[in-house]
file run19.tsv (TSV, C-alpha atoms and all ligand atoms)
chain	number	residue	atom	x	y	z
U	1	MET	CA	19.00	-3.49	-7.48
U	2	GLN	CA	22.39	-1.77	-7.19
U	3	THR	CA	24.92	-3.23	-4.77
U	4	ALA	CA	24.35	-2.44	-1.12
U	5	ILE	CA	26.30	0.38	0.49
U	6	ILE	CA	26.17	-1.49	3.81
U	7	GLU	CA	26.06	-5.25	3.93
U	8	ALA	CA	26.00	-7.02	7.28
U	9	ASN	CA	26.56	-10.75	7.22
U	10	ASN	CA	25.88	-13.14	10.11
U	11	ILE	CA	26.60	-10.68	12.91
U	12	VAL	CA	27.05	-12.07	16.41
U	13	LYS	CA	27.41	-9.80	19.43
U	14	ASP	CA	27.95	-10.94	23.01
U	15	PHE	CA	27.96	-8.70	26.06
U	16	GLU	CA	29.53	-9.68	29.35
U	17	ILE	CA	26.86	-9.58	32.03
U	18	SER	CA	28.85	-10.68	35.06
U	19	ARG	CA	32.31	-11.69	36.10
U	20	GLN	CA	33.31	-13.67	39.15
U	21	GLY	CA	37.02	-14.28	39.31
U	22	LEU	CA	37.97	-15.97	36.08
U	23	GLN	CA	34.39	-16.90	35.28
U	24	ARG	CA	32.60	-14.66	32.87
U	25	LYS	CA	28.98	-14.81	31.93
U	26	SER	CA	27.80	-13.42	28.64
U	27	MET	CA	24.53	-12.79	26.93
U	28	ARG	CA	24.13	-12.99	23.18
U	29	ALA	CA	22.60	-9.68	22.09
U	30	LEU	CA	22.74	-10.52	18.38
U	31	ASN	CA	22.83	-13.90	16.70
U	32	ASP	CA	23.41	-14.45	12.98
U	33	VAL	CA	21.92	-11.13	11.89
U	34	SER	CA	22.24	-10.16	8.22
U	35	PHE	CA	20.85	-7.20	6.27
U	36	LYS	CA	21.66	-4.67	3.56
U	37	LEU	CA	21.25	-0.93	3.21
U	38	HIS	CA	20.87	0.63	-0.23
U	39	LYS	CA	21.22	4.22	-1.43
U	40	GLY	CA	17.93	6.04	-1.54
U	41	ARG	CA	16.19	3.34	0.50
U	42	ALA	CA	15.38	2.75	4.13
U	43	LEU	CA	15.35	-0.41	6.20
U	44	ALA	CA	13.09	-0.20	9.24
U	45	ILE	CA	14.03	-2.33	12.23
U	46	VAL	CA	11.18	-3.15	14.56
U	47	GLY	CA	10.94	-5.33	17.64
U	48	GLU	CA	10.32	-5.00	21.31
U	49	SER	CA	12.61	-3.44	23.86
U	50	GLY	CA	15.87	-5.33	24.30
U	51	SER	CA	15.61	-7.21	21.00
U	52	GLY	CA	18.93	-5.77	19.81
U	53	LYS	CA	17.87	-2.95	17.49
U	54	SER	CA	20.26	-0.32	18.85
U	55	THR	CA	23.07	-2.85	19.00
U	56	VAL	CA	22.66	-3.49	15.27
U	57	ALA	CA	22.99	0.24	14.53
U	58	LYS	CA	25.94	0.66	16.89
U	59	ILE	CA	27.85	-2.16	15.23
U	60	VAL	CA	27.37	-0.52	11.84
U	61	ALA	CA	28.44	2.83	13.37
U	62	LYS	CA	31.57	1.14	14.80
U	63	MET	CA	30.54	1.97	18.34
U	64	HIS	CA	30.61	-1.76	19.14
U	65	LYS	CA	32.65	-4.50	17.59
U	66	ALA	CA	30.92	-7.68	16.50
U	67	ASN	CA	32.20	-10.98	17.92
U	68	ALA	CA	31.61	-12.69	14.60
U	69	GLY	CA	30.30	-11.83	11.18
U	70	GLN	CA	31.19	-8.98	8.93
U	71	VAL	CA	29.98	-5.52	8.03
U	72	LEU	CA	30.92	-4.25	4.58
U	73	PHE	CA	30.84	-0.60	3.52
U	74	ASN	CA	30.98	-0.36	-0.27
U	75	GLN	CA	32.17	-3.96	-0.17
U	76	ARG	CA	35.07	-3.27	2.22
U	77	ASP	CA	35.17	-4.77	5.70
U	78	ILE	CA	34.68	-1.88	8.16
U	79	ASN	CA	37.43	-3.32	10.37
U	80	GLU	CA	39.85	-2.31	7.63
U	81	PHE	CA	39.13	1.35	8.39
U	82	LYS	CA	41.82	1.73	11.02
U	83	GLY	CA	43.80	4.72	12.15
U	84	ARG	CA	42.54	8.21	12.83
U	85	LYS	CA	42.01	9.30	9.27
U	86	ALA	CA	40.22	6.20	8.03
U	87	GLU	CA	38.04	6.02	11.16
U	88	LEU	CA	37.10	9.66	10.84
U	89	GLU	CA	36.21	9.23	7.22
U	90	TYR	CA	34.08	6.19	7.94
U	91	ARG	CA	32.29	8.02	10.71
U	92	SER	CA	31.51	10.93	8.43
U	93	ASN	CA	30.08	8.56	5.89
U	94	VAL	CA	28.02	6.60	8.38
U	95	GLN	CA	26.21	8.82	10.89
U	96	MET	CA	23.85	8.07	13.72
U	97	VAL	CA	20.83	10.08	14.84
U	98	PHE	CA	19.81	9.26	18.39
U	99	GLN	CA	16.54	9.26	20.25
U	100	ASP	CA	17.48	12.15	22.52
U	101	PRO	CA	18.09	15.18	20.31
U	102	PHE	CA	19.63	17.09	23.21
U	103	GLY	CA	22.17	14.45	24.15
U	104	SER	CA	24.21	14.83	21.01
U	105	LEU	CA	24.39	18.64	21.04
U	106	ASN	CA	26.86	20.61	23.10
U	107	PRO	CA	25.03	23.21	25.22
U	108	VAL	CA	27.92	25.70	25.17
U	109	HIS	CA	28.07	25.97	21.39
U	110	THR	CA	25.78	27.73	18.95
U	111	ILE	CA	23.94	25.93	16.20
U	112	PHE	CA	26.34	27.59	13.76
U	113	HIS	CA	29.24	25.85	15.47
U	114	HIS	CA	27.48	22.47	15.40
U	115	VAL	CA	26.99	22.59	11.65
U	116	ALA	CA	30.23	24.42	10.78
U	117	ARG	CA	32.48	21.96	12.58
U	118	PRO	CA	31.73	18.91	10.47
U	119	LEU	CA	31.97	21.08	7.34
U	120	LEU	CA	35.48	22.16	8.30
U	121	LEU	CA	36.64	18.60	8.80
U	122	HIS	CA	36.94	18.03	5.10
U	123	ASN	CA	36.88	21.43	3.47
U	124	LYS	CA	38.43	24.84	3.64
U	125	PHE	CA	36.02	27.76	3.48
U	126	SER	CA	36.41	31.48	3.79
U	127	LYS	CA	34.42	32.97	6.66
U	128	HIS	CA	31.86	34.20	4.20
U	129	GLU	CA	31.52	30.88	2.38
U	130	LEU	CA	31.21	29.02	5.65
U	131	ARG	CA	28.35	31.21	6.82
U	132	ASP	CA	26.52	30.76	3.51
U	133	LYS	CA	27.03	27.03	3.55
U	134	VAL	CA	25.80	26.64	7.16
U	135	GLU	CA	22.73	28.72	6.41
U	136	PHE	CA	22.05	26.76	3.24
U	137	ILE	CA	22.10	23.50	5.20
U	138	LEU	CA	19.90	24.90	7.97
U	139	GLU	CA	17.39	25.97	5.33
U	140	GLN	CA	17.51	22.51	3.79
U	141	VAL	CA	16.40	20.97	7.07
U	142	GLY	CA	13.69	23.56	7.54
U	143	LEU	CA	15.31	25.67	10.26
U	144	ASN	CA	14.20	29.06	9.02
U	145	PRO	CA	15.18	31.82	9.23
U	146	ALA	CA	18.58	30.19	9.05
U	147	SER	CA	20.66	33.22	10.03
U	148	GLU	CA	18.71	33.54	13.28
U	149	THR	CA	18.75	29.82	14.07
U	150	ALA	CA	22.52	29.78	13.59
U	151	GLN	CA	23.02	32.24	16.45
U	152	LYS	CA	21.00	30.20	18.92
U	153	TYR	CA	22.11	27.67	21.52
U	154	PRO	CA	20.59	24.16	21.72
U	155	HIS	CA	18.42	25.02	24.75
U	156	GLN	CA	16.77	27.80	22.76
U	157	LEU	CA	15.32	25.30	20.28
U	158	SER	CA	12.40	22.89	20.53
U	159	GLY	CA	12.99	19.14	20.55
U	160	GLY	CA	11.97	18.87	16.91
U	161	GLN	CA	14.27	21.72	15.93
U	162	ARG	CA	17.14	20.08	17.79
U	163	GLN	CA	16.56	16.86	15.91
U	164	ARG	CA	16.69	18.91	12.70
U	165	VAL	CA	20.10	20.22	13.79
U	166	ASN	CA	21.29	16.64	14.23
U	167	ILE	CA	20.07	15.82	10.75
U	168	ALA	CA	21.75	19.01	9.44
U	169	ARG	CA	25.06	17.71	10.78
U	170	ASN	CA	24.59	14.50	8.80
U	171	LEU	CA	24.21	16.67	5.72
U	172	ALA	CA	27.21	18.79	6.66
U	173	VAL	CA	29.58	15.84	6.87
U	174	GLY	CA	28.22	14.49	3.60
U	175	ALA	CA	27.00	11.25	5.17
U	176	GLN	CA	25.94	8.50	2.82
U	177	VAL	CA	24.37	6.32	5.48
U	178	MET	CA	22.08	7.50	8.27
U	179	LEU	CA	21.30	5.25	11.20
U	180	ALA	CA	18.30	6.73	12.98
U	181	ASP	CA	17.56	5.12	16.35
U	182	GLU	CA	13.98	6.02	17.27
U	183	PRO	CA	14.59	9.60	16.12
U	184	THR	CA	11.09	10.82	16.88
U	185	SER	CA	10.11	8.85	19.97
U	186	MET	CA	11.05	11.61	22.42
U	187	LEU	CA	9.33	14.29	20.38
U	188	ASP	CA	5.84	15.59	20.72
U	189	VAL	CA	3.43	13.67	18.49
U	190	SER	CA	2.53	16.88	16.64
U	191	ILE	CA	6.06	17.39	15.35
U	192	ARG	CA	6.97	13.80	14.56
U	193	LEU	CA	5.56	13.92	11.07
U	194	GLY	CA	7.73	16.94	10.18
U	195	ILE	CA	10.89	15.04	11.13
U	196	LEU	CA	9.76	11.96	9.24
U	197	ASN	CA	9.06	14.07	6.17
U	198	LEU	CA	12.52	15.54	6.44
U	199	MET	CA	14.04	12.07	6.67
U	200	GLU	CA	12.04	10.93	3.67
U	201	GLU	CA	13.35	13.95	1.75
U	202	MET	CA	16.94	13.22	2.77
U	203	LYS	CA	16.53	9.66	1.63
U	204	SER	CA	15.09	10.49	-1.77
U	205	GLU	CA	16.82	13.77	-2.59
U	206	GLN	CA	20.23	13.18	-1.02
U	207	ASP	CA	20.14	9.50	-1.95
U	208	LEU	CA	20.95	8.49	1.63
U	209	ALA	CA	20.84	4.89	2.73
U	210	MET	CA	18.87	4.72	5.94
U	211	MET	CA	18.28	2.47	8.87
U	212	TYR	CA	15.18	3.51	10.78
U	213	ILE	CA	14.68	1.93	14.19
U	214	THR	CA	11.15	2.31	15.48
U	215	HIS	CA	8.31	0.85	17.50
U	216	ASP	CA	5.78	2.35	15.11
U	217	ILE	CA	4.69	0.22	12.19
U	218	ALA	CA	2.88	3.06	10.40
U	219	THR	CA	5.98	5.20	10.22
U	220	ALA	CA	7.99	2.17	9.12
U	221	ARG	CA	5.55	1.80	6.23
U	222	TYR	CA	5.74	5.48	5.44
U	223	LEU	CA	9.51	5.71	5.34
U	224	ALA	CA	10.96	2.30	4.67
U	225	GLU	CA	10.93	0.09	1.59
U	226	ASP	CA	12.24	-2.80	3.68
U	227	ILE	CA	11.55	-3.98	7.19
U	228	GLY	CA	13.27	-6.38	9.56
U	229	VAL	CA	11.53	-7.83	12.59
U	230	MET	CA	13.77	-8.60	15.55
U	231	TYR	CA	13.18	-10.76	18.57
U	232	VAL	CA	15.75	-11.55	21.27
U	233	GLY	CA	18.74	-10.77	19.08
U	234	HIS	CA	17.48	-12.57	16.00
U	235	MET	CA	16.02	-11.22	12.78
U	236	LEU	CA	12.98	-13.47	12.45
U	237	GLU	CA	11.44	-12.03	9.31
U	238	TRP	CA	12.46	-9.39	6.78
U	239	GLY	CA	11.78	-8.10	3.33
U	240	ASP	CA	9.49	-5.72	1.47
U	241	THR	CA	7.67	-3.62	4.08
U	242	ASP	CA	4.14	-3.91	2.67
U	243	GLU	CA	4.54	-7.60	2.00
U	244	VAL	CA	5.81	-8.35	5.52
U	245	ILE	CA	3.13	-6.23	7.20
U	246	HIS	CA	0.21	-7.44	5.09
U	247	HIS	CA	1.31	-11.06	4.79
U	248	PRO	CA	3.41	-11.75	7.88
U	249	GLN	CA	4.70	-15.32	7.85
U	250	HIS	CA	6.49	-15.65	11.18
U	251	PRO	CA	4.23	-16.27	14.17
U	252	TYR	CA	5.99	-13.43	16.01
U	253	THR	CA	5.42	-10.93	13.19
U	254	GLN	CA	1.79	-12.05	13.04
U	255	LEU	CA	1.46	-11.29	16.73
U	256	LEU	CA	3.09	-7.87	16.36
U	257	VAL	CA	1.02	-6.86	13.38
U	258	SER	CA	-2.27	-8.09	14.79
U	259	ALA	CA	-1.66	-5.91	17.83
U	260	VAL	CA	-1.75	-2.75	15.69
U	261	PRO	CA	-5.45	-2.09	15.08
U	262	ASN	CA	-5.01	0.31	12.20
U	263	PRO	CA	-1.47	0.55	10.90
U	264	GLU	CA	-2.40	3.58	8.75
U	265	GLN	CA	-3.19	5.58	11.82
U	266	SER	CA	-0.73	4.51	14.43
U	267	ILE	CA	1.42	7.51	13.51
U	268	HIS	CA	-0.75	9.48	15.90
U	269	GLY	CA	0.66	7.76	18.89
U	270	GLY	CA	-0.15	4.07	18.61
U	271	THR	CA	2.91	1.86	18.62
U	272	LEU	CA	3.68	-1.81	18.42
U	273	ALA	CA	2.20	-3.59	21.33
U	274	GLU	CA	4.85	-4.91	23.65
U	275	GLU	CA	3.28	-8.32	23.85
U	276	ARG	CA	5.11	-9.59	26.88
U	277	GLY	CA	5.37	-13.28	27.48
U	278	GLU	CA	8.39	-15.16	28.72
U	279	ILE	CA	11.25	-13.36	27.02
U	280	PRO	CA	14.29	-15.60	27.27
U	281	LEU	CA	17.78	-14.41	28.13
U	282	TRP	CA	19.85	-15.54	25.17
U	283	THR	CA	23.36	-16.75	25.90
U	284	PRO	CA	26.10	-18.18	23.67
U	285	HIS	CA	24.89	-21.62	24.82
U	286	SER	CA	21.20	-21.13	24.09
U	287	ARG	CA	19.64	-23.40	21.53
U	288	GLY	CA	16.59	-23.44	19.32
U	289	CYS	CA	14.31	-20.66	18.19
U	290	PRO	CA	14.16	-17.70	20.59
U	291	PHE	CA	10.39	-17.49	20.08
U	292	ALA	CA	9.76	-21.16	20.88
U	293	GLY	CA	8.57	-20.47	24.43
U	294	ARG	CA	5.77	-18.21	23.20
U	295	CYS	CA	4.90	-19.78	19.87
U	296	LYS	CA	1.62	-21.65	19.47
U	297	HIS	CA	3.08	-23.68	16.61
U	298	VAL	CA	6.11	-24.83	18.59
U	299	SER	CA	7.52	-28.30	17.90
U	300	GLU	CA	10.37	-30.22	19.52
U	301	GLN	CA	12.66	-29.22	16.68
U	302	CYS	CA	12.11	-25.53	17.49
U	303	ARG	CA	13.48	-26.08	20.99
U	304	GLN	CA	16.60	-27.85	19.74
U	305	GLN	CA	17.72	-26.00	16.64
U	306	LEU	CA	17.81	-22.47	15.34
U	307	PRO	CA	15.50	-22.48	12.32
U	308	PRO	CA	17.16	-21.81	8.96
U	309	VAL	CA	16.47	-18.70	6.90
U	310	VAL	CA	13.90	-19.47	4.22
U	311	ALA	CA	13.48	-17.27	1.13
U	312	LEU	CA	9.75	-17.02	0.44
U	313	SER	CA	10.47	-14.78	-2.54
U	314	GLU	CA	13.31	-12.57	-3.72
U	315	ARG	CA	12.26	-9.96	-1.17
U	316	HIS	CA	10.74	-11.88	1.72
U	317	PHE	CA	12.66	-14.00	4.22
U	318	VAL	CA	11.62	-15.85	7.33
U	319	ARG	CA	13.48	-17.83	9.96
U	320	CYS	CA	10.97	-20.50	10.90
U	321	PHE	CA	10.55	-24.27	10.60
U	322	LEU	CA	6.94	-23.79	9.50
U	323	HIS	CA	8.32	-22.68	6.15
U	324	SER	CA	11.36	-24.91	5.72
T	401	LIG	N1	26.85	-2.01	26.46
T	401	LIG	C1	26.13	-3.06	26.85
T	401	LIG	N2	26.55	-3.89	27.83
T	401	LIG	C2	25.84	-4.97	28.19
T	401	LIG	N3	24.66	-5.31	27.66
T	401	LIG	C3	24.16	-4.52	26.69
T	401	LIG	C4	24.86	-3.35	26.23
T	401	LIG	N4	24.12	-2.77	25.25
T	401	LIG	C5	23.02	-3.53	25.12
T	401	LIG	N5	23.04	-4.58	25.97
T	401	LIG	C6	22.01	-5.64	26.06
T	401	LIG	O1	21.77	-6.13	24.76
T	401	LIG	C7	20.37	-6.34	24.53
T	401	LIG	C8	19.93	-5.56	23.34
T	401	LIG	O2	19.97	-4.17	23.66
T	401	LIG	P1	19.56	-3.04	22.63
T	401	LIG	O3	19.85	-1.75	23.27
T	401	LIG	O4	20.19	-3.32	21.32
T	401	LIG	O5	17.96	-3.25	22.52
T	401	LIG	P2	16.87	-2.40	21.74
T	401	LIG	O6	16.15	-3.33	20.83
T	401	LIG	O7	17.51	-1.21	21.13
T	401	LIG	O8	15.86	-1.97	22.90
T	401	LIG	P3	15.01	-0.59	23.10
T	401	LIG	O9	13.80	-0.72	22.22
T	401	LIG	O10	14.65	-0.63	24.54
T	401	LIG	O11	15.89	0.56	22.74
T	401	LIG	C9	19.70	-5.97	25.84
T	401	LIG	O12	19.45	-7.13	26.57
T	401	LIG	C10	20.68	-5.08	26.53
T	401	LIG	O13	20.56	-5.18	27.91
T	402	MG	MG	17.33	0.83	21.47
call {"tool": "encode", "arguments": {"input": "run19.tsv", "output": "structure tokens", "more": "lines below"}}
Ligand SMILES: Nc1ncnc2c1ncn2[C@@H]1O[C@H](COP(=O)(O)OP(=O)(O)OP(=O)(O)O)[C@@H](O)[C@H]1O
Ligand SMILES: [Mg+2]
result
Amino acid sequence: MQTAIIEANNIVKDFEISRQGLQRKSMRALNDVSFKLHKGRALAIVGESGSGKSTVAKIVAKMHKANAGQVLFNQRDINEFKGRKAELEYRSNVQMVFQDPFGSLNPVHTIFHHVARPLLLHNKFSKHELRDKVEFILEQVGLNPASETAQKYPHQLSGGQRQRVNIARNLAVGAQVMLADEPTSMLDVSIRLGILNLMEEMKSEQDLAMMYITHDIATARYLAEDIGVMYVGHMLEWGDTDEVIHHPQHPYTQLLVSAVPNPEQSIHGGTLAEERGEIPLWTPHSRGCPFAGRCKHVSEQCRQQLPPVVALSERHFVRCFLHS
């Protein structure tokens, strides 16, 4: 496989949760998280609410800074991209698509403006060329007729159409990496598939590297070659999507997968069960495996030490003492 466009190594992220005088209390939102994104491929990140999925994406997008570990973009540390120009360029290359398609659009500007602006960041166009280019991009994301869509304001579009505008902006800036954080979860079930198809097209035809955060295992299978399963800030299992879903090796993944009755069909609304047990608050001082409190195979070792990452094959990894 070609070298990764994004490579995250051993990311740690702490958030301050309270401060009393000089005393600060932190929680560890991510602990020793590593993954890669490749051109023309997608990595799905699944896991229950609060497991750290959005934090992973935000660190790659440079919206948060990791406390430890490293993110490489084309083998360069993203912290090296400093100063207005370098930051801007990085942000054009690595774009996020959020859950709420309205939130990232400005209600006072037309769709034309939203797509034209990123185009003008890097290029000079005549008025005529700009109009053609914007309409071409709107057509690419299925917003037809493009000349009419361009005149509209965000509130005049449906949720699905607004999400298409967000994706159009990724195209307009020439993004190479797209970080999609539950891009369809606020959309009506009937239009989700259209957005997923568009993302699949972007991935294959524009050769985008994608991160796809979701609660839905069926769509993860549809879109993503690779999957990572997160629990309380840790990546507990990852690798080839079909392999991980059909032969889950971590007790937590087994629980998640068994809760989806028919993974082929969950696209129509079924999502990962939020199997709620005792979910621990992870702090910089926590020890052991985060799943220990809920695991039926738990041993004393699991409570004391973070399990090592075990390679089951070239494309299947698990963090569990059962396999070490
Ligand atoms: N800016 C912040 N300040 C403090 N704590 C934060 C911040 N952002 C996230 N957290 C905490 O970090 C943990 C991980 O949050 P994150 O948003 O990454 O979860 P998630 O997996 O995306 O959840 P969801 O599925 O609900 O979107 C949570 O416990 C959250 O409360
Ligand atoms: Mg989230």
call {"tool": "residues_around", "arguments": {"input": "run19.tsv", "residues": "U:Leu187", "least_positions_apart": "3", "cutoff": "8 Å", "atoms": "all atoms listed in the file", "output": "PDB file with C-alpha atoms, in the frame of the given file"}}
result
ATOM      1  CA  GLY U 159      12.990  19.140  20.550  1.00  0.00           C
ATOM      2  CA  GLY U 160      11.970  18.870  16.910  1.00  0.00           C
ATOM      3  CA  THR U 184      11.090  10.820  16.880  1.00  0.00           C
ATOM      4  CA  ILE U 191       6.060  17.390  15.350  1.00  0.00           C
ATOM      5  CA  ARG U 192       6.970  13.800  14.560  1.00  0.00           C
TER       6      ARG U 192
END
call {"tool": "closest_atom_pairs", "arguments": {"input": "run19.tsv", "of": "chain U", "to": "ligand LIG 401 (chain T)", "cutoff": "9 Å", "atoms": "only C-alpha atoms and all ligand atoms", "output": "CSV"}}
result
residue,atom,partner,partner_atom,distance
U:Lys13,CA,T:LIG401,O1,8.6
U:Asp14,CA,T:LIG401,N3,8.0
U:Phe15,CA,T:LIG401,C2,4.8
U:Glu16,CA,T:LIG401,C2,6.1
U:Ile17,CA,T:LIG401,C2,6.1
U:Ser26,CA,T:LIG401,C2,8.7
U:Met27,CA,T:LIG401,N3,7.5
U:Arg28,CA,T:LIG401,O1,7.4
U:Ala29,CA,T:LIG401,O1,4.5
U:Leu30,CA,T:LIG401,C8,7.6
U:Ile45,CA,T:LIG401,O6,8.9
U:Val46,CA,T:LIG401,O6,8.0
U:Gly47,CA,T:LIG401,O6,6.4
U:Glu48,CA,T:LIG401,O9,5.6
U:Ser49,CA,T:LIG401,O9,3.4
U:Gly50,CA,T:LIG401,O5,3.4
U:Ser51,CA,T:LIG401,O6,3.9
U:Gly52,CA,T:LIG401,O4,3.1
U:Lys53,CA,T:LIG401,O6,3.8
U:Ser54,CA,T:LIG401,O7,3.7
U:Thr55,CA,T:LIG401,O4,3.7
U:Val56,CA,T:LIG401,O4,6.5
U:Ala57,CA,T:LIG401,O4,8.2
U:Lys58,CA,T:LIG401,O4,8.3
U:His64,CA,T:LIG401,N1,8.2
U:Asp181,CA,T:LIG401,O7,7.9
U:Glu182,CA,T:LIG401,O11,8.0
U:Ile213,CA,T:LIG401,O7,8.1
U:Thr214,CA,T:LIG401,O9,7.9
U:His215,CA,T:LIG401,O9,7.4
U:Met230,CA,T:LIG401,O6,7.8
U:Tyr231,CA,T:LIG401,O6,8.3
U:Val232,CA,T:LIG401,C8,7.6
U:Gly233,CA,T:LIG401,C8,6.8
U:Leu281,CA,T:LIG401,O12,7.6
U:Trp282,CA,T:LIG401,O12,8.5
call {"tool": "atom_distance", "arguments": {"input": "run19.tsv", "atom1": "atom CA of U:Thr3", "atom2": "atom CA of U:Lys203"}}
result
16.7 Å
call {"tool": "residues_near_point", "arguments": {"input": "run19.tsv", "point": "(14.7, -25.2, 9.1)", "cutoff": "6 Å", "atoms": "only C-alpha atoms", "output": "PyMOL selection string"}}
result
chain U and resi 307-308+321+324
call {"tool": "atom_distance", "arguments": {"input": "run19.tsv", "atom1": "atom CA of U:Arg19", "atom2": "atom CA of U:Pro280"}}
result
20.4 Å
call {"tool": "closest_residue", "arguments": {"input": "run19.tsv", "among": "U:Ala86, U:Ala180, U:Leu105, U:Val141", "to": "ligand MG 402 (chain T)", "atoms": "all atoms listed in the file"}}
result
U:Ala180
call {"tool": "residues_around", "arguments": {"input": "run19.tsv", "residues": "U:Leu236", "least_positions_apart": "6", "cutoff": "10 Å", "atoms": "only C-alpha atoms", "output": "ChimeraX atom specification"}}
result
/U:33,47,228-230,249-253,289-291,307-309,317-320
call {"tool": "closest_residue", "arguments": {"input": "run19.tsv", "among": "U:Pro154, U:Pro118, U:Gly103, U:Pro145", "to": "U:Ala172", "atoms": "all atoms listed in the file"}}
result
U:Pro118
call {"tool": "closest_residue", "arguments": {"input": "run19.tsv", "among": "U:Gln99, U:Ser258, U:Asn170, U:Gln301", "to": "ligand MG 402 (chain T)", "atoms": "all atoms listed in the file"}}
result
U:Gln99
call {"tool": "residues_around", "arguments": {"input": "run19.tsv", "residues": "U:Lys39", "least_positions_apart": "3", "cutoff": "7 Å", "atoms": "all atoms listed in the file", "output": "list in words"}}
result
Ile5, Asp207, Leu208 and Ala209 of chain U
call {"tool": "atom_distance", "arguments": {"input": "run19.tsv", "atom1": "atom CA of U:Thr283", "atom2": "atom CA of U:Val71"}}
result
22.1 Å
call {"tool": "residues_near_point", "arguments": {"input": "run19.tsv", "point": "(31.6, 2.1, 14.7)", "cutoff": "9 Å", "atoms": "all atoms listed in the file", "output": "ChimeraX atom specification"}}
result
/U:57-65,78,87,90-91,94
call {"tool": "axis_aligned_box", "arguments": {"input": "run19.tsv", "around": "stretch 121-129 of chain U", "padding_each_side": "4 Å", "output": "JSON"}}
result
{"center_x": 35.0, "center_y": 26.1, "center_z": 5.6, "size_x": 14.9, "size_y": 24.2, "size_z": 14.4}
call {"tool": "closest_residue", "arguments": {"input": "run19.tsv", "among": "U:Asn9, U:Phe112, U:Gln75, U:Ser126", "to": "U:Asn31", "atoms": "only C-alpha atoms"}}
result
U:Asn9
call {"tool": "closest_residue", "arguments": {"input": "run19.tsv", "among": "U:Ala68, U:Val97, U:Val108, U:Ala311", "to": "ligand MG 402 (chain T)", "atoms": "all atoms listed in the file"}}
result
U:Val97
call {"tool": "closest_residue", "arguments": {"input": "run19.tsv", "among": "U:Phe81, U:Phe73, U:Phe125, U:Tyr212", "to": "ligand MG 402 (chain T)", "atoms": "only C-alpha atoms and all ligand atoms"}}
result
U:Tyr212
call {"tool": "residues_around", "arguments": {"input": "run19.tsv", "residues": "U:Met199", "least_positions_apart": "5", "cutoff": "12 Å", "atoms": "only C-alpha atoms", "output": "PyMOL selection string"}}
result
chain U and resi 40-42+97+140-142+163-164+166-168+170-171+177-180+183-184+192-194+204-212+219-220+222-224
